[in-house]
Amino acid sequence: MSASQPFAGSAFNTVPSSHWFQMPSEELLIMVQRRLGLELSCLSGISTSQALGGIPIDALGDTLLTHHNHSQRHNGVGKALARAARQAHPGKRVLVDSLESESFSPGARPDVAVLNGAGSKHLLLEVKVVCPISSNPDSTGEAGSYVAFANTAPGLRRGILGCGEVGGRAATDAKYAGALQRGHRVTPFIMETFGGLEGDAVELLNDWARLARGQTPPGEEPPWSARNFIPYWSQVLSATAQRAAAAEILNRVREEVATRNAMHARGA
């Protein structure tokens with residue numbers, strides 16, 4: 001379903017005239033192979049029946065993304081989103097992962113917060129950049145094979161916004177209960193590692209595009225493929241998420257190769 005996700009292909013519309021759209025060839029290769037559903041060349045010589053550090057390998061490297069440090073993709077998307085927020089809300093303070101948020105969002109620190117002034121209601125964004133495929137069968141439902149974000153968004157939204165008891169499923173407490181009680185707007189900004197944006201994230205970018213009058217950031221000369229707000233920021237966000245996922249896969253493979261080489265050297 002990666003091909004049907006909104007803006008999943010935006011990263012491949014980039015023109016590297018700006019540093020925001022430049023990327024190492026080895027990362028771009030992994031991005032393209034994952035996009036086309038091809039076995040990753042960086043896994044050449046490593047059978048997909050083997051495991052890296054006890055983690056089973058799949059041809060696209062997805063299971064490696066579920067057992068690694070996710071901070072690079074998360075922080076990269078969060079910073080890019082904050083840049084987009086500052087363009088859409090000139091003059092407003094935009095916080096990124098700030099302890100200051102405890103004053104209006106107790107118990108939950110938003111990744112990005114757009115402040116509307118003292119005593120006002122703020123916009124709080126919780127960023128999630130997740131892999132839809134897991135080595136745990138309980139975490140990878142059949143619906144994800146047919147519907148974009150079916151394996152990720154519903155559970156993430158319940159955790160962020162809360163949900164009452166439905167059928168046999170117990171109620172879920174909202175992570176942002178304190179902020180919601182104070183009347184702040186909490187928006188999940190959910191992406192998958194294939195670079196697509198979930199519905200609320202798409203709607204948010206559309207809202208910001210109207211505020212920014214459809215323009216790209218002031219002072220920047222975007223490539224011809226990103227002359228307006230939505231193309232520009234969808235390319236930045238999609239490329240950021242997919243580049244970070246590729247880097248995570250590469251780092252994990254390199255760690256394993258180094259470990260195997262060291263074991264081989266000791267046994268030689």
# chains A, B, ... in the order shown; residues from 1 in each chain; ligands from 1
>>> closest_atom_pairs(of="segment 143-198 of chain A", to="segment 10-21 of chain A", cutoff="12 Å", atoms="only C-alpha atoms", output="tab-separated table")
residue	atom	partner	partner_atom	distance
A:Thr193	CA	A:Ala11	CA	11.9
A:Phe194	CA	A:Ala11	CA	9.9
A:Gly195	CA	A:Ala11	CA	7.6
A:Gly196	CA	A:Ser10	CA	8.6
A:Leu197	CA	A:Ser10	CA	10.6
>>> closest_residue(among="A:Met263, A:Leu81, A:Val147, A:Val114", to="Arg93 of chain A", atoms="only C-alpha atoms")
A:Val114
>>> atom_distance(atom1="atom CA of Ser120 of chain A", atom2="atom CA of Asn75 of chain A")
26.8 Å
>>> atom_distance(atom1="atom CA of Lys128 of chain A", atom2="atom CA of Ile190 of chain A")
4.8 Å
>>> residues_around(residues="Leu205 of chain A", least_positions_apart="4", cutoff="12 Å", atoms="only C-alpha atoms", output="MDAnalysis selection string")
chainID A and resid 6:7 81:82 84:85 87:88 187 189 197:201 209:214 228:235 237
>>> atom_distance(atom1="atom CA of Gly45 of chain A", atom2="atom CA of Val257 of chain A")
10.5 Å
>>> closest_residue(among="A:Gln242, A:Thr152, A:Asn251, A:Pro90", to="Pro217 of chain A", atoms="only C-alpha atoms")
A:Pro90
>>> select_by_dssp(residues="segment 34-170 of chain A", states="strand (DSSP E or B)", output="ChimeraX atom specification")
/A:51-52,55-56,94-96,112-114,123-130,163,166,169
>>> select_by_dssp(residues="segment 1-234 of chain A", states="alpha helix (DSSP H)", output="ChimeraX atom specification")
/A:25-36,62-65,71-88,153-161,177-181,199-211,229-234
>>> write_last_selection(atoms="C-alpha atoms", output="compact mmCIF listing (two decimals), in the first residue's frame")
# COMPACT_ATOMS: atom_id res chain seq x y z
CA SER A 25 23.47 8.03 -3.49
CA GLU A 26 23.51 5.01 -1.16
CA GLU A 27 20.44 6.31 0.67
CA LEU A 28 18.67 7.21 -2.57
CA LEU A 29 19.32 3.69 -3.89
CA ILE A 30 17.60 2.13 -0.87
CA MET A 31 14.70 4.57 -1.17
CA VAL A 32 14.16 3.67 -4.84
CA GLN A 33 14.45 -0.07 -4.23
CA ARG A 34 11.93 0.09 -1.40
CA ARG A 35 9.60 2.19 -3.52
CA LEU A 36 9.74 -0.38 -6.35
CA ASP A 62 11.34 -3.28 7.25
CA THR A 63 11.93 -5.47 10.28
CA LEU A 64 15.29 -3.77 10.77
CA LEU A 65 13.40 -0.47 11.09
CA SER A 71 15.32 9.26 16.71
CA GLN A 72 16.83 10.28 13.36
CA ARG A 73 13.63 9.93 11.35
CA HIS A 74 11.47 11.33 14.18
CA ASN A 75 13.64 14.36 14.89
CA GLY A 76 14.22 15.10 11.21
CA VAL A 77 10.51 15.19 10.42
CA GLY A 78 9.79 17.20 13.58
CA LYS A 79 12.31 19.90 12.65
CA ALA A 80 11.03 20.11 9.07
CA LEU A 81 7.46 20.35 10.33
CA ALA A 82 8.43 23.20 12.66
CA ARG A 83 9.94 25.08 9.69
CA ALA A 84 6.68 24.68 7.79
CA ALA A 85 4.73 25.86 10.85
CA ARG A 86 6.83 29.02 11.15
CA GLN A 87 6.13 29.90 7.53
CA ALA A 88 2.39 29.35 7.92
CA ALA A 153 -2.79 5.12 12.42
CA PRO A 154 -5.79 3.72 14.37
CA GLY A 155 -3.70 2.53 17.32
CA LEU A 156 -1.53 5.64 17.34
CA ARG A 157 -4.55 7.93 17.27
CA ARG A 158 -6.17 6.07 20.16
CA GLY A 159 -3.04 6.45 22.23
CA ILE A 160 -2.67 10.17 21.48
CA LEU A 161 -6.31 11.29 21.63
CA ALA A 177 -5.63 14.30 28.28
CA GLY A 178 -4.31 17.35 30.16
CA ALA A 179 -3.95 19.46 27.02
CA LEU A 180 -7.34 18.38 25.66
CA GLN A 181 -9.03 19.28 28.95
CA GLY A 199 -5.15 12.07 6.57
CA ASP A 200 -4.80 14.51 9.48
CA ALA A 201 -1.27 15.36 8.37
CA VAL A 202 -2.45 16.03 4.81
CA GLU A 203 -5.28 18.23 6.10
CA LEU A 204 -2.84 20.15 8.30
CA LEU A 205 -0.54 20.91 5.34
CA ASN A 206 -3.53 22.05 3.29
CA ASP A 207 -4.59 24.40 6.11
CA TRP A 208 -1.09 25.81 6.35
CA ALA A 209 -0.88 26.24 2.57
CA ARG A 210 -3.92 28.51 2.70
CA LEU A 211 -2.34 30.55 5.49
CA PHE A 229 3.75 25.28 -0.41
CA ILE A 230 2.29 21.78 -0.72
CA PRO A 231 4.79 20.43 -3.28
CA TYR A 232 7.68 22.00 -1.39
CA TRP A 233 6.87 20.76 2.10
CA SER A 234 5.54 17.37 1.00
>>> closest_residue(among="A:Ser105, A:Ala170, A:Arg185, A:Lys175", to="His122 of chain A", atoms="only C-alpha atoms")
A:Arg185
